[in-house]
Structure formats: C-alpha cells, structure tokens
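S.K.: Take a look at the following structure, please.
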Protein chains: 2
Amino acid sequence: MNREEPSLSLVWETLTGYQRTAVLKAAIELDVFSKIAAGAATCEALAMQCQAAPRGMRALLNHLVMDGFLTRDGETYRLSPTAATFLDRSSPAYLGSAAGFIASPMILEGFTRLTDAVRRGGSAVPNDATLAPEHPVWVEFARSMAPLASMTAVLLANLLDIEHAPACKVLDIAAGHGMFGITLARLHSGVQVTALDWQNVLAVADEHARAAGVADRFHTLPGSALEVPFGDGYDLVLLPNFLHHFDPPTCERLLAKSRGALAPGGRVVIVEFVPNDDRSGPADAVRFGLVMLAGTPAGDAYTFAEYQTMLRNAGFEPPALHELPPSPARVVIATR
Amino acid sequence: MNREEPSLSLVWETLTGYQRTAVLKAAIELDVFSKIAAGAATCEALAMQCQAAPRGMRALLNHLVMDGFLTRDGETYRLSPTAATFLDRSSPAYLGSAAGFIASPMILEGFTRLTDAVRRGGSAVPNDATLAPEHPVWVEFARSMAPLASMTAVLLANLLDIEHAPACKVLDIAAGHGMFGITLARLHSGVQVTALDWQNVLAVADEHARAAGVADRFHTLPGSALEVPFGDGYDLVLLPNFLHHFDPPTCERLLAKSRGALAPGGRVVIVEFVPNDDRSGPADAVRFGLVMLAGTPAGDAYTFAEYQTMLRNAGFEPPALHELPPSPARVVIATR
C-alpha cells in the first residue's frame with residue numbers, strides 16, 4: 001500500500017477487520033478447509049458436509065475467496081496455498097486450532113474494552129481473570145496453540161543445538177501445551193523435562209508428551225509458578241511466553257527464583273515477542289504490547305533493554321538476544 | 001501479497017484483524033488523531049490531553065504506527081496522510097464517526113455468532129432485533145454514517161445530474177441520516193424531500209437538513225416503510241442501503257409500494273453494495289453479503305440480476321446499473 005496517499009480502504013479494512021477474523025474462525029469451526037481438501041468442491045456439497053445452510057455457506061465461501069483462503073472457478077472452490085498448508089487438518093503444518101485461543105471470547109473481551117484499558121493503563125477486564133488458578137482458558141491455550149508452538153519449539157531446539165548438547169535437565173515454566181520442553185526431549189534422548197503449570201493444563205501437556213513418545217522423561221509440577229518450589233539442578237529453565245503477563249518486579253522475582261533452580265553454568269531461556277528498544281518494530285512484537293495492555297493488569301511486550309535490567313537485578317550474567325526466523329519470536333538467554 | 005506461496009502472515013493477520021479494529025476504534029473514541037493534528041506530538045502530551053495513562057497511550061500509538069495511521073520520528077508522532085484526511089475531526093473528509101456503527105457492539109454481536117449464522121442461513125441474533133420500531137441502533141447509524149454517506153450522496157447527485165434537472169419531489173425511504181435527499185436539495189433549490197424513518201432517527205436527519213440550509217424543503221414521514229403510506233406524485237423514490245435487510249418477497253412489496261408512489265415517468269433509485277451476478281466480486285460487495293447473513297434474518301447483498309427480477313415483479317421498466325467511483329456503492333435505477 002502506498003502510505004503517501006490518503007487511503008479510505010485502509011480505514012474501511014481496519015474497521016471491518018473483526019469481520020475477517022470471524023469469517024476465518026467460523027470456517028475453521030465448521031472445518032470447511034478440511035472438507036474441501038477431502039474433495040467437497042461446491043457450495044451444496046460443503047453445506048451438506050458441514051451441516052450448514054447453503055445460503056450461509058455461500059456467503060462464507062465467497063468471503064473466504066476475497067480474503068485469500070479459497071479460489072473459485074465457476075461453482076468450484078479450491079484451497080489457496082495458505083489454506084492448504086495451514087488450515088487443512090490433514091496438513092502437517094495445520095494450525096487452525098490457534099483461532100480457538102487468538103480469537104477466543106476471553107481474549108476478545110479485553111479488546112471490546114480497549115478504550116478503557118488505554119485510559120487506565122491496564123486491562124479493563126476484572127483483574128486476575130486469566131491469572132486465577134486452573135482458569136480454563138489455559139487448557140484452551142494448551143490445546144489451540146500446540147501446533148504453532150511446535151514450529152517455534154523446533155526453531156528453538158536448533159538455536160540451542162540440542163542434538164549435539166550433553167544430557168540435561170530442563171524446567172519448562174508455565175509449560176501450557178508443553179511443546180517447548182517436549183520438543184527438546186524428542187530431539188535428544190538425554191533430556192529430562194519437568195513441566196510446571198496448573199494441573200488441568202498439565203493433563204494436555206501429558207497427552208502431547210505421550211504422543212511425542214517422551215512420556216518417560218516428562219515430569220510434571222502442578223501449581224502456580226509464583227508459589228510452587230521449582231526444585232534445583234536444572235541446566236535449562238524455559239520461560240516461554242510467560243513473563244509478558246507480569247509487571248517488571250514480578251518478572252524479576254520469577255527470574256531470581258529461576259536462577260535459584262539452575263545448576264552452575266545453567267541458563268534461563270526466555271521466548272517472547274521482543275520489540276526493539278524504542279518500540280518502533282517489529283510489527284508483531286509492537287502489536288503484542290497492546291494485546292498485553294488489553295488483557296493483563298500490568299504485563300507488556302518487554303524490550304531487550306528491559307530484559308537486560310530485569311536479568312541483572314535477578315543476578316544473571318549479561319544476556320544475549322537471538323532471532324528465530326521465520327518465527328516472529330525472539331529468544332533471550334542468560335547464564336546463571 | 002503473493003497468493004501462490006503459503007502465507008502464515010495471512011492467517012495471523014486475519015485472526016488478529018479484530019485487534020486492529022479495536023485499536024482504531026479506541027483511538028477515534030479518545031480523539032487521538034484530532035489532538036495530534038492540533039499539535040500534541042508526544043505520548044505524554046497525548047496521554048494528558050486524551051485523559052489516558054501514558055502506558056496505555058504508548059501501546060496504542062505504537063500499534064497505530066504499525067497499522068499505517070501514524071508515523072513516528074523518535075518520540076514525535078505525526079498523522080499519516082490517511083489519518084490526516086479521514087480521522088482528524090477538523091478535516092472536511094472526517095469519517096471517524098463511522099466506527100460507532102461499523103464496529104458497534106450490536107453489529108459485532110452478529111459476528112460473534114457467525115458460525116451459528118452460517119449453520120442456520122441467517123442471523124443467530126434474535127430475529128427482529130434491528131428491525132424493531134425506534135431501535136436506537138439507527139440513531140447511532142444516522143449520526144455515525146452521515147459523513148461517509150455525504151460523500152456517496154454527492155456522487156449520486158452527479159450521476160442524476162441533479163443540478164440540471166427540473167424541480168422535483170423526492171421520497172427518501174429509510175432516510176437515516178437523510179444525507180441522500182438532503183444533498184439533492186442542497187444542490188437544487190427546486191427539490192422537495194420527504195424523508196421516511198423512525199421518529200427518533202428523523203430527529204437526526206432534521207438536524208442535518210437544518211445544517212445544510214434546506215429545512216424548509218425537508219419534510220418527514222415517521223414510521224415503518226413496510227406500513228406507513230408513502231403518498232404519491234414523487235419524481236424520485238430513493239432506497240439507499242435499505243433493501244439488503246429483507247428477503248426478496250419483502251423487497252418486491254417495498255418496490256411495488258414505491259412504484260405506486262411515483263408520478264408517471266418517475267424513477268426508483270436503489271443505492272447498494274451490488275456484487276456481480278456470480279458473486280465473484282467486487283470484494284466489498286461480496287463481503288457485505290456476509291454482513292447481512294450475520295446481522296439479518298434473511299437479507300442479502302443482491303446482484304443486479306436479482307434486482308432485475310424483483311423490479312420486473314414489482315412492475316418497473318427494465319433497470320440500469322451504474323457505478324459511483326470511487327465509492328464501492330452501485331446504483332440501480334428503474335422507471336415506473
């Protein structure tokens with residue numbers, strides 16, 4: 001888009017952005033993409049297979065063509081390359097389930113009250129909504145986000161060169177789906193993982209560990225990361241997508257506690273959206289700061305400079321910042 | 001975007017589209033753009049002037065930079081050409097108010113229940129929600145959409161060549177803001193307008209007629225277009241963005257009733273999003289079909305072929321389809 005010229009389309013497309021979200025979410029919920037991949041090609045066939053009204057299906061399909069997820073030739077609909085890769089359940093890169101979390105009613109609620117959140121400088125949704133013990137949203141998170149996290153976890157394992165690392169003991173804090181620790185264990189038979197999260201969330205991680213064939217090296221530690229003792233002697237403490245929920249003093253407490261659980265020479269590994277120090281980019285990381293404003297009392301997408309300060313205050317050596325291309329995630333690693 | 005290659009960004013951007021909507025709506029509600037236009041340039045100044053927390057304002061501003069509405073140079077924020085033209089209240093082309101309708105809680109509700117709407121083939125929101133007498137959403141519509149409608153109304157007046165037309169009598173059905181009829185009256189002192197809508201909505205149209213200096217030629221007819229008698233002897237009957245709410249039999253009833261109100265040689269003028277006959281485009285019109293699915297029991301974005309059938313059944317001569325560039329609206333005109 002040429003940003004030198006005023007664009008009414010930009011205003012219109014932004015104001016109707018929620019419509020495209022809802023359309024994609026509905027299509028995923030109705031499993032339209034998998035049905036097309038399996039051979040249903042017309043509106044009538046899809047309406048029947050998805051148990052939808054032909055009139056509703058027609059409106060949905062034609063919108064999806066406009067949005068780049070389908071192509072259409074006469075009355076025949078086909079998947080675009082994007083949909084074939086990421087939205088067909090039988091694709092190894094399927095991540096349609098992410099809609100269940102990214103566009104969940106709970107996350108949406110924070111955004112329906114965004115003006116208030118900007119006014120007060122924190123979520124306008126009642127305070128510890130998502131931080132309450134055993135909140136079901138984290139079960140949804142663990143199920144929905146596992147496919148996307150798996151891709152990032154492989155990139156992280158490569159960064160850590162886990163396949164050539166010595167046997168090691170890993171603590172995965174707020175493990176959720178568990179995919180970060182599980183992926184390390186899957187790629188190195190000498191890795192022992194302890195996953196910490198709420199008991200109801202760990203049940204999902206347990207399923208994933210069994211599916212990955214690492215259940216015998218996957219241990220669980222139920223409870224709040226702020227309260228339950230971590231144990232000690234870990235070579236790696238993973239903090240994937242967790243510190244963003246909290247204010248800096250709480251992050252520092254969690255980091256100091258993590259440091260106390262590390263063996264000498266052990267490292268903390270923080271996986272996050274990390275904006276540049278002046279928050280001028282990258283786009284996904286800058287935008288994520290607002291997601292935290294909308295949904296948490298005092299969380300943020302922290303910059304590397306902010307992590308440097310927090311890690312120093314927690315007693316760590318100076319950290320390093322790593323990219324994880326093509327993922328927008330970044331990794332901050334510091335040694336005890 | 002190259003749609004030949006699978007794009008994870010397309011999935012991510014679509015699933016987070018509602019976030020960009022919420023950000024723009026919050027910025028409009030806080031009047032961030034007008035404050036910047038008036039000279040506030042830093043996060044601190046804007047937080048103070050918009051009565052917001054600096055932390056909230058910072059997250060909002062940086063998101064707006066990513067979205068193309070602001071530019072940033074160090075700690076100084078400026079309006080992009082798009083924001084300067086359309087989102088600063090002091091700009092003649094201001095249309096930020098449209099957020100109040102396009103992203104209103106009521107319209108959003110239909111989309112939170114879109115999967116159900118696709119299943120049943122019509123809105124999953126209780127049936128005559130928006131079609132109930134004096135529903136306040138149409139007052140919001142009349143206030144919010146007046147600026148955008150004004151731009152379209154001028155294009156329509158040009159299409160009708162109103163400035164060179166003889167004196168005429170115009171009925172504006174479901175007038176809302178009233179801008180279609182008001183604009184014709186503003187451009188031709190021989191135009192008499194009768195605006196039909198709910199009484200509470202007509203109060204807004206009355207304000208607009210006074211502001212345009214045409215109050216003495218602006219008459220009102222309160223009530224439901226389905227029930228109130230239209231009168232007769234009109235040269236033009238306008239149906240701007242109204243038929244899309246109804247099923248074809250109801251549209252035909254409204255058209256036959258409109259025809260009965262026309263003088264010999266009189267014309268009905270339908271302003272709508274009109275998709276191509278196979279609903280393969282244009283994008284805004286195809287997408288609008290889904291907006292109707294989400295929000296109405298049996299409405300639609302009708303094709304020109306469908307309007308041809310409805311108009312023929314209502315007794316009209318064969319209609320003509322007109323474009324209104326650069327607006328996405330199209331116009332269907334048929335003679336009695």
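Chain lettering (A, B, ...) mirrors the order of the structure tokens, residue numbering begins at 1 for each chain separately, and ligand numbering begins at 1 in order of display.
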Name the residues in contact with region 162-169 of chain A at a cut-off of 7 Å, using only C-alpha atoms, excluding same-chain residues fewer than 2 positions from it; report them as a VMD selection string.
M.R.: chain A and resid 157 to 158 160 171 184 187 to 188 190 to 193 234 to 236
S.K.: Would you give me, as a ChimeraX atom specification, the residues of chain A that come within 6 Å of chain B, using only C-alpha atoms?
M.R.: /A:5-7,14-15,17-18,20-22,26,52-53,55-57,59,63,66,81-82,111,115,118-121,283,287,290
S.K.: Could you check the closest approach to Phe218 (chain B) for each of B:Val201, B:Leu196, B:Leu156, B:Cys43 and tell me which residue wins, using only C-alpha atoms?
M.R.: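 Looking at the shortest contact to Phe218 (chain B), the residue is B:Leu196.
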S.K.: From the DSSP assignment of the backbone, select every residue of region 95-157 of chain B that is alpha helix (DSSP H), and format the answer as a PyMOL selection string.
M.R.: chain B and resi 99-102+105-112+114-120+137-144+146-157
S.K.: Would you give me, as a ChimeraX atom specification, the residues in region 117-256 of chain B that DSSP reads as strand (DSSP E or B)?
M.R.: /B:168-173,191-197,218-222,234-240
S.K.: So that I can see what lies close to region 229-232 of chain B, please list as a PDB file with N, CA and C atoms, in the first residue's frame the residues with an atom at most 10 Å from it, counting only C-alpha atoms and leaving out residues fewer than 4 positions away in the same chain.
M.R.:
```
ATOM      1  N   LYS B 169     -39.773  16.198  -6.780  1.00  0.00           N
ATOM      2  CA  LYS B 169     -40.269  15.783  -5.483  1.00  0.00           C
ATOM      3  C   LYS B 169     -39.635  14.426  -5.183  1.00  0.00           C
ATOM      4  N   LEU B 171     -38.804  11.183  -2.497  1.00  0.00           N
ATOM      5  CA  LEU B 171     -39.088  10.423  -1.279  1.00  0.00           C
ATOM      6  C   LEU B 171     -37.841   9.619  -0.919  1.00  0.00           C
ATOM      7  N   ILE B 173     -36.557   6.853   1.384  1.00  0.00           N
ATOM      8  CA  ILE B 173     -37.090   5.796   2.262  1.00  0.00           C
ATOM      9  C   ILE B 173     -36.000   5.234   3.167  1.00  0.00           C
ATOM     10  N   THR B 194     -39.079  14.356   1.049  1.00  0.00           N
ATOM     11  CA  THR B 194     -39.795  13.748   2.168  1.00  0.00           C
ATOM     12  C   THR B 194     -38.971  12.564   2.652  1.00  0.00           C
ATOM     13  N   LEU B 196     -38.501   9.370   5.127  1.00  0.00           N
ATOM     14  CA  LEU B 196     -39.251   8.410   5.933  1.00  0.00           C
ATOM     15  C   LEU B 196     -38.283   7.616   6.807  1.00  0.00           C
ATOM     16  N   LEU B 221     -41.722  11.863   7.430  1.00  0.00           N
ATOM     17  CA  LEU B 221     -42.817  10.898   7.414  1.00  0.00           C
ATOM     18  C   LEU B 221     -42.404   9.777   8.372  1.00  0.00           C
ATOM     19  N   GLY B 223     -42.340   6.484  10.753  1.00  0.00           N
ATOM     20  CA  GLY B 223     -42.956   5.167  10.798  1.00  0.00           C
ATOM     21  C   GLY B 223     -42.155   4.117  10.053  1.00  0.00           C
ATOM     22  N   SER B 224     -42.751   2.939   9.898  1.00  0.00           N
ATOM     23  CA  SER B 224     -42.120   1.816   9.208  1.00  0.00           C
ATOM     24  C   SER B 224     -42.392   1.901   7.718  1.00  0.00           C
ATOM     25  N   ALA B 225     -41.365   1.727   6.917  1.00  0.00           N
ATOM     26  CA  ALA B 225     -41.539   1.746   5.459  1.00  0.00           C
ATOM     27  C   ALA B 225     -42.473   0.641   5.000  1.00  0.00           C
ATOM     28  N   VAL B 237     -37.949   8.078  -6.016  1.00  0.00           N
ATOM     29  CA  VAL B 237     -38.014   7.384  -4.725  1.00  0.00           C
ATOM     30  C   VAL B 237     -36.633   6.788  -4.477  1.00  0.00           C
ATOM     31  N   LYS B 257     -44.768  -0.879  -3.730  1.00  0.00           N
ATOM     32  CA  LYS B 257     -45.312   0.257  -2.988  1.00  0.00           C
ATOM     33  C   LYS B 257     -44.626   1.560  -3.434  1.00  0.00           C
ATOM     34  N   SER B 258     -43.320   1.487  -3.702  1.00  0.00           N
ATOM     35  CA  SER B 258     -42.579   2.655  -4.186  1.00  0.00           C
ATOM     36  C   SER B 258     -43.100   3.069  -5.569  1.00  0.00           C
ATOM     37  N   ARG B 259     -43.346   2.062  -6.397  1.00  0.00           N
ATOM     38  CA  ARG B 259     -43.839   2.359  -7.746  1.00  0.00           C
ATOM     39  C   ARG B 259     -45.179   3.083  -7.669  1.00  0.00           C
ATOM     40  N   GLY B 260     -46.023   2.644  -6.728  1.00  0.00           N
ATOM     41  CA  GLY B 260     -47.326   3.288  -6.562  1.00  0.00           C
ATOM     42  C   GLY B 260     -47.231   4.742  -6.124  1.00  0.00           C
ATOM     43  N   ALA B 261     -46.087   5.114  -5.539  1.00  0.00           N
ATOM     44  CA  ALA B 261     -45.910   6.486  -5.052  1.00  0.00           C
ATOM     45  C   ALA B 261     -45.288   7.395  -6.103  1.00  0.00           C
ATOM     46  N   LEU B 262     -44.857   6.813  -7.244  1.00  0.00           N
ATOM     47  CA  LEU B 262     -44.167   7.602  -8.275  1.00  0.00           C
ATOM     48  C   LEU B 262     -45.156   8.249  -9.247  1.00  0.00           C
ATOM     49  N   ALA B 263     -44.816   9.460  -9.651  1.00  0.00           N
ATOM     50  CA  ALA B 263     -45.547  10.105 -10.748  1.00  0.00           C
ATOM     51  C   ALA B 263     -45.188   9.380 -12.050  1.00  0.00           C
TER      52      ALA B 263
END
```
S.K.: Extract, using only C-alpha atoms, all DNA, RNA and protein residues at most 9 Å from Arg186 (chain A), discarding same-chain residues fewer than 4 positions from it, and format them as a ChimeraX atom specification.
M.R.: /A:181-182,191,209,212-214
S.K.: Using only C-alpha atoms, which protein or nucleic acid residues come within 8 Å of Ala329 (chain A)? Drop anything in the same chain fewer than 5 positions from it, and give the result as a ChimeraX atom specification.
M.R.: /A:152,271-274,323-324
